[in-house]
>>> print(open('run31.cif').read())   # mmCIF, C-alpha atoms
data_run
#
loop_
_atom_site.label_atom_id
_atom_site.label_comp_id
_atom_site.auth_asym_id
_atom_site.auth_seq_id
_atom_site.Cartn_x
_atom_site.Cartn_y
_atom_site.Cartn_z
CA MET A 1 -117.28 -10.54 -217.89
CA PRO A 2 -120.16 -12.55 -219.33
CA ARG A 3 -119.84 -15.01 -216.44
CA LYS A 4 -120.37 -12.22 -213.84
CA THR A 5 -123.41 -11.02 -215.78
CA ASN A 6 -124.85 -14.55 -215.83
CA ILE A 7 -124.36 -14.92 -212.07
CA ALA A 8 -126.02 -11.55 -211.42
CA ALA A 9 -128.95 -12.44 -213.69
CA ILE A 10 -129.43 -15.79 -211.95
CA ALA A 11 -129.36 -14.09 -208.53
CA VAL A 12 -132.03 -11.58 -209.62
CA ILE A 13 -134.24 -14.35 -211.01
CA LEU A 14 -133.90 -16.37 -207.80
CA LEU A 15 -134.76 -13.35 -205.66
CA LEU A 16 -137.83 -12.52 -207.73
CA SER A 17 -139.08 -16.09 -207.74
CA ALA A 18 -138.54 -16.47 -203.98
CA CYS A 19 -141.47 -14.16 -203.27
CA SER A 20 -144.25 -15.44 -205.49
CA PRO A 21 -147.63 -13.63 -205.57
CA ARG A 22 -149.22 -16.62 -203.80
CA GLU A 23 -146.76 -16.37 -200.88
CA ALA A 24 -147.20 -12.60 -200.67
CA LYS A 25 -150.98 -13.09 -200.50
CA LEU A 26 -150.61 -15.67 -197.70
CA ARG A 27 -148.42 -13.30 -195.69
CA THR A 28 -150.87 -10.39 -195.93
CA SER A 29 -153.94 -12.53 -195.25
CA ALA A 30 -152.38 -13.77 -192.04
CA VAL A 31 -152.58 -10.27 -190.59
CA GLN A 32 -155.94 -9.25 -191.96
CA ASP A 33 -157.79 -10.43 -188.85
CA ARG A 34 -156.02 -8.38 -186.16
CA SER A 35 -158.50 -9.62 -183.54
CA LEU A 36 -156.58 -12.90 -183.44
CA ILE A 37 -153.17 -11.30 -182.92
CA PRO A 38 -152.18 -9.84 -179.56
CA VAL A 39 -150.88 -6.28 -179.56
CA LEU A 40 -148.78 -7.32 -176.54
CA ASN A 41 -147.19 -10.75 -176.08
CA SER A 42 -144.90 -10.50 -173.11
CA ASP A 43 -143.05 -13.02 -170.95
CA GLU A 44 -142.05 -12.63 -167.29
CA VAL A 45 -143.93 -9.39 -166.62
CA THR A 46 -144.29 -7.31 -163.50
CA THR A 47 -146.32 -4.12 -163.88
CA LEU A 48 -147.89 -1.52 -161.62
CA ILE A 49 -151.40 -0.15 -162.18
CA SER A 50 -152.31 3.23 -160.76
CA ASP A 51 -155.53 5.15 -160.31
CA SER A 52 -155.45 8.96 -160.04
CA GLY A 53 -151.67 8.85 -159.65
CA ILE A 54 -151.75 6.35 -156.76
CA THR A 55 -150.31 2.87 -157.26
CA ARG A 56 -153.13 0.39 -156.61
CA TYR A 57 -152.02 -2.99 -158.01
CA ARG A 58 -148.94 -4.97 -158.96
CA ILE A 59 -149.44 -7.74 -161.50
CA THR A 60 -146.85 -10.47 -162.03
CA SER A 61 -147.21 -13.11 -164.72
CA SER A 62 -145.13 -15.50 -166.80
CA LYS A 63 -147.18 -14.69 -169.91
CA TRP A 64 -149.40 -11.68 -170.68
CA LEU A 65 -151.36 -11.29 -173.92
CA ILE A 66 -153.44 -8.20 -174.81
CA PHE A 67 -155.96 -8.52 -177.65
CA ASP A 68 -156.97 -4.91 -178.28
CA LYS A 69 -158.82 -5.55 -181.57
CA ALA A 70 -160.90 -8.52 -180.37
CA GLN A 71 -164.58 -8.03 -179.58
CA PRO A 72 -164.60 -7.50 -176.68
CA PRO A 73 -160.96 -6.47 -176.15
CA TYR A 74 -159.32 -8.59 -173.48
CA TRP A 75 -156.18 -9.48 -171.58
CA GLU A 76 -155.18 -13.09 -171.07
CA PHE A 77 -152.72 -14.62 -168.63
CA PRO A 78 -152.51 -18.25 -169.85
CA LYS A 79 -149.67 -19.21 -167.48
CA GLY A 80 -151.20 -17.70 -164.37
CA ILE A 81 -151.22 -14.44 -162.47
CA TYR A 82 -150.23 -13.03 -159.10
CA LEU A 83 -151.88 -9.77 -158.09
CA GLU A 84 -151.19 -7.55 -155.08
CA LYS A 85 -153.55 -4.74 -154.06
CA PHE A 86 -152.03 -1.80 -152.21
CA ASN A 87 -153.65 0.58 -149.73
CA ASP A 88 -152.96 4.34 -149.76
CA SER A 89 -149.72 3.78 -147.77
CA LEU A 90 -148.55 1.25 -150.41
CA ALA A 91 -148.81 -1.65 -147.95
CA ILE A 92 -150.09 -4.89 -149.48
CA GLU A 93 -153.75 -5.18 -148.53
CA GLU A 94 -154.75 -8.28 -150.47
CA THR A 95 -153.21 -10.88 -152.77
CA ILE A 96 -154.73 -13.15 -155.39
CA LYS A 97 -153.07 -15.83 -157.47
CA ALA A 98 -154.49 -18.20 -160.06
CA ASP A 99 -153.31 -20.64 -162.73
CA TYR A 100 -155.15 -18.70 -165.48
CA ALA A 101 -156.73 -15.25 -165.77
CA TYR A 102 -158.89 -13.44 -168.32
CA TYR A 103 -159.78 -9.73 -168.13
CA ASN A 104 -162.58 -8.20 -170.24
CA ASP A 105 -161.41 -4.66 -170.99
CA GLU A 106 -164.94 -3.36 -171.72
CA THR A 107 -166.80 -4.71 -168.67
CA HIS A 108 -163.77 -4.63 -166.32
CA LEU A 109 -164.54 -8.21 -165.29
CA TRP A 110 -161.80 -10.62 -164.25
CA GLN A 111 -162.19 -14.39 -164.48
CA LEU A 112 -159.62 -16.35 -162.47
CA LYS A 113 -159.40 -20.12 -162.87
CA GLY A 114 -157.42 -22.98 -161.41
CA ASN A 115 -156.15 -23.01 -157.83
CA VAL A 116 -157.37 -19.51 -157.05
CA HIS A 117 -155.90 -18.43 -153.72
CA ALA A 118 -156.69 -15.04 -152.17
CA VAL A 119 -155.73 -13.47 -148.85
CA ASN A 120 -157.43 -10.40 -147.37
CA ASN A 121 -155.99 -7.81 -144.97
CA LYS A 122 -157.21 -9.87 -141.97
CA GLY A 123 -155.14 -12.86 -143.10
CA GLU A 124 -158.23 -14.87 -144.09
CA GLN A 125 -157.51 -17.20 -146.98
CA PHE A 126 -159.96 -17.97 -149.77
CA ASP A 127 -159.41 -21.02 -151.99
CA THR A 128 -161.65 -21.85 -154.95
CA PRO A 129 -161.28 -23.28 -158.47
CA GLU A 130 -162.90 -20.21 -160.07
CA LEU A 131 -163.43 -16.59 -159.05
CA TYR A 132 -164.93 -13.55 -160.77
CA TRP A 133 -164.04 -9.99 -159.86
CA SER A 134 -166.12 -7.09 -161.14
CA GLN A 135 -164.06 -3.95 -160.75
CA ASP A 136 -167.02 -1.69 -161.61
CA ALA A 137 -169.32 -3.30 -159.03
CA GLU A 138 -166.39 -3.76 -156.61
CA ARG A 139 -167.54 -7.35 -155.96
CA LEU A 140 -165.96 -10.79 -156.03
CA TYR A 141 -168.11 -13.87 -156.56
CA SER A 142 -168.09 -17.54 -157.44
CA ASP A 143 -170.54 -20.41 -157.83
CA SER A 144 -167.77 -22.96 -157.21
CA ASN A 145 -166.62 -24.66 -154.03
CA ILE A 146 -164.97 -22.29 -151.56
CA VAL A 147 -162.77 -22.86 -148.53
CA ILE A 148 -162.22 -19.91 -146.20
CA THR A 149 -159.48 -20.42 -143.64
CA LYS A 150 -159.63 -18.07 -140.67
CA GLU A 151 -157.48 -17.97 -137.55
CA LYS A 152 -159.72 -20.32 -135.55
CA SER A 153 -162.02 -21.87 -138.13
CA ILE A 154 -162.36 -23.29 -141.60
CA ILE A 155 -165.56 -22.68 -143.53
CA TYR A 156 -166.55 -24.71 -146.57
CA GLY A 157 -169.25 -23.78 -148.99
CA VAL A 158 -170.51 -23.66 -152.53
CA GLY A 159 -170.66 -20.16 -153.95
CA PHE A 160 -170.01 -16.81 -152.31
CA THR A 161 -170.06 -13.07 -152.86
CA ALA A 162 -167.73 -10.54 -151.26
CA ASN A 163 -166.83 -6.89 -151.32
CA GLN A 164 -163.66 -5.93 -153.14
CA THR A 165 -161.52 -6.13 -149.99
CA MET A 166 -162.94 -9.59 -149.15
CA THR A 167 -163.74 -8.43 -145.61
CA ASN A 168 -167.52 -8.65 -145.92
CA TYR A 169 -168.69 -11.85 -147.58
CA THR A 170 -171.62 -14.22 -147.82
CA ILE A 171 -171.21 -17.95 -148.36
CA HIS A 172 -174.24 -19.32 -150.22
CA HIS A 173 -174.20 -22.92 -148.99
CA PRO A 174 -171.86 -23.00 -145.96
CA THR A 175 -170.61 -25.99 -144.00
CA GLY A 176 -167.75 -26.33 -141.54
CA VAL A 177 -166.77 -25.52 -138.00
CA ILE A 178 -167.71 -22.02 -136.96
CA PRO A 179 -166.90 -21.06 -133.35
CA ILE A 180 -169.64 -19.10 -131.56
CA LYS A 181 -168.74 -16.83 -128.66
CA SER A 182 -170.75 -17.23 -125.49
CA ASP A 183 -171.86 -14.34 -123.30
CA ASP A 184 -168.92 -15.05 -120.95
CA GLU A 185 -166.41 -14.44 -123.74
#
>>> encode(input="run31.cif", output="structure tokens")
Amino acid sequence: MPRKTNIAAIAVILLLSACSPREAKLRTSAVQDRSLIPVLNSDEVTTLISDSGITRYRITSSKWLIFDKAQPPYWEFPKGIYLEKFNDSLAIEETIKADYAYYNDETHLWQLKGNVHAVNNKGEQFDTPELYWSQDAERLYSDSNIVITKEKSIIYGVGFTANQTMTNYTIHHPTGVIPIKSDDE
């Protein structure tokens, strides 16, 4: 019997010493700054976003982080993003993909970086290294190089602004071949 008591006493001592006050303090201090810890850390995500009960967007990403306690709160897509925008009939109206995305949850501003490729409902393709999308202002813009590929032309430029559907846009410093219709056409 004394041997069983000795083993039990040793086990209790080992358990108590395994969690020293210093280690307990380190564990709690690691979570004190919740702004550095994502509330959501998800891999291989596809989600739908609706507005007034109507599905508006589908987001697909390999990695999605949401930092709800950061100032400002933000979403981050460090492994890239693919976004589809739907019309009222749920047909895909536009698509955007990028190697990296950041969304400011307070200002509703998206920053897309790295091989940004967007296609509007006319089939026009927009390629740029960086793109901003203000959901509140319903505008897209960039100060970076831009290549717009249309059915019969390619337009190059530096910087542009566009409406949210990318159907009405202004290229700030355009170059490229732009066909001009004559009166006979």
>>> residues_around(input="run31.cif", residues="stretch 74-83 of chain A", least_positions_apart="2", cutoff="8 Å", atoms="only C-alpha atoms", output="PyMOL selection string")
chain A and resi 57-68+70+72+85+95-106
>>> write_last_selection(input="run31.cif", atoms="C-alpha atoms", output="PDB file, keeping the file's coordinate frame")
ATOM      1  CA  TYR A  57    -152.020  -2.990-158.010  1.00  0.00           C
ATOM      2  CA  ARG A  58    -148.940  -4.970-158.960  1.00  0.00           C
ATOM      3  CA  ILE A  59    -149.440  -7.740-161.500  1.00  0.00           C
ATOM      4  CA  THR A  60    -146.850 -10.470-162.030  1.00  0.00           C
ATOM      5  CA  SER A  61    -147.210 -13.110-164.720  1.00  0.00           C
ATOM      6  CA  SER A  62    -145.130 -15.500-166.800  1.00  0.00           C
ATOM      7  CA  LYS A  63    -147.180 -14.690-169.910  1.00  0.00           C
ATOM      8  CA  TRP A  64    -149.400 -11.680-170.680  1.00  0.00           C
ATOM      9  CA  LEU A  65    -151.360 -11.290-173.920  1.00  0.00           C
ATOM     10  CA  ILE A  66    -153.440  -8.200-174.810  1.00  0.00           C
ATOM     11  CA  PHE A  67    -155.960  -8.520-177.650  1.00  0.00           C
ATOM     12  CA  ASP A  68    -156.970  -4.910-178.280  1.00  0.00           C
ATOM     13  CA  ALA A  70    -160.900  -8.520-180.370  1.00  0.00           C
ATOM     14  CA  PRO A  72    -164.600  -7.500-176.680  1.00  0.00           C
ATOM     15  CA  LYS A  85    -153.550  -4.740-154.060  1.00  0.00           C
ATOM     16  CA  THR A  95    -153.210 -10.880-152.770  1.00  0.00           C
ATOM     17  CA  ILE A  96    -154.730 -13.150-155.390  1.00  0.00           C
ATOM     18  CA  LYS A  97    -153.070 -15.830-157.470  1.00  0.00           C
ATOM     19  CA  ALA A  98    -154.490 -18.200-160.060  1.00  0.00           C
ATOM     20  CA  ASP A  99    -153.310 -20.640-162.730  1.00  0.00           C
ATOM     21  CA  TYR A 100    -155.150 -18.700-165.480  1.00  0.00           C
ATOM     22  CA  ALA A 101    -156.730 -15.250-165.770  1.00  0.00           C
ATOM     23  CA  TYR A 102    -158.890 -13.440-168.320  1.00  0.00           C
ATOM     24  CA  TYR A 103    -159.780  -9.730-168.130  1.00  0.00           C
ATOM     25  CA  ASN A 104    -162.580  -8.200-170.240  1.00  0.00           C
ATOM     26  CA  ASP A 105    -161.410  -4.660-170.990  1.00  0.00           C
ATOM     27  CA  GLU A 106    -164.940  -3.360-171.720  1.00  0.00           C
TER      28      GLU A 106
END
>>> resolve_selection(input="run31.cif", expression="the PyMOL selection byres ((chain A and resi 114) around 8)", output="ChimeraX atom specification")
/A:98-100,112-113,115-116,128-130
>>> residues_near_point(input="run31.cif", point="(-168.3, -10.9, -140.5)", cutoff="12 Å", atoms="all atoms listed in the file", output="ChimeraX atom specification")
/A:122,124,150,162-163,166-171,178
>>> closest_residue(input="run31.cif", among="A:Leu48, A:Trp133, A:Thr149, A:Pro73", to="A:Ser35", atoms="only C-alpha atoms")
A:Pro73
>>> atom_distance(input="run31.cif", atom1="atom CA of A:Asp143", atom2="atom CA of A:His173")
9.9 Å
>>> closest_residue(input="run31.cif", among="A:Thr47, A:Glu94, A:Phe86, A:Ile37", to="A:His117", atoms="all atoms listed in the file")
A:Glu94
>>> atom_distance(input="run31.cif", atom1="atom CA of A:Val119", atom2="atom CA of A:Asp136")
20.7 Å
>>> residues_around(input="run31.cif", residues="A:Asn87", least_positions_apart="6", cutoff="10 Å", atoms="only C-alpha atoms", output="list in words")
Ile54, Thr55, Arg56, Tyr57, Glu93, Glu94 and Asn121 of chain A
>>> atom_distance(input="run31.cif", atom1="atom CA of A:Ser142", atom2="atom CA of A:Thr107")
17.1 Å
>>> closest_residue(input="run31.cif", among="A:Gln164, A:Thr175, A:Gln71, A:Gln32", to="A:Asn145", atoms="all atoms listed in the file")
A:Thr175
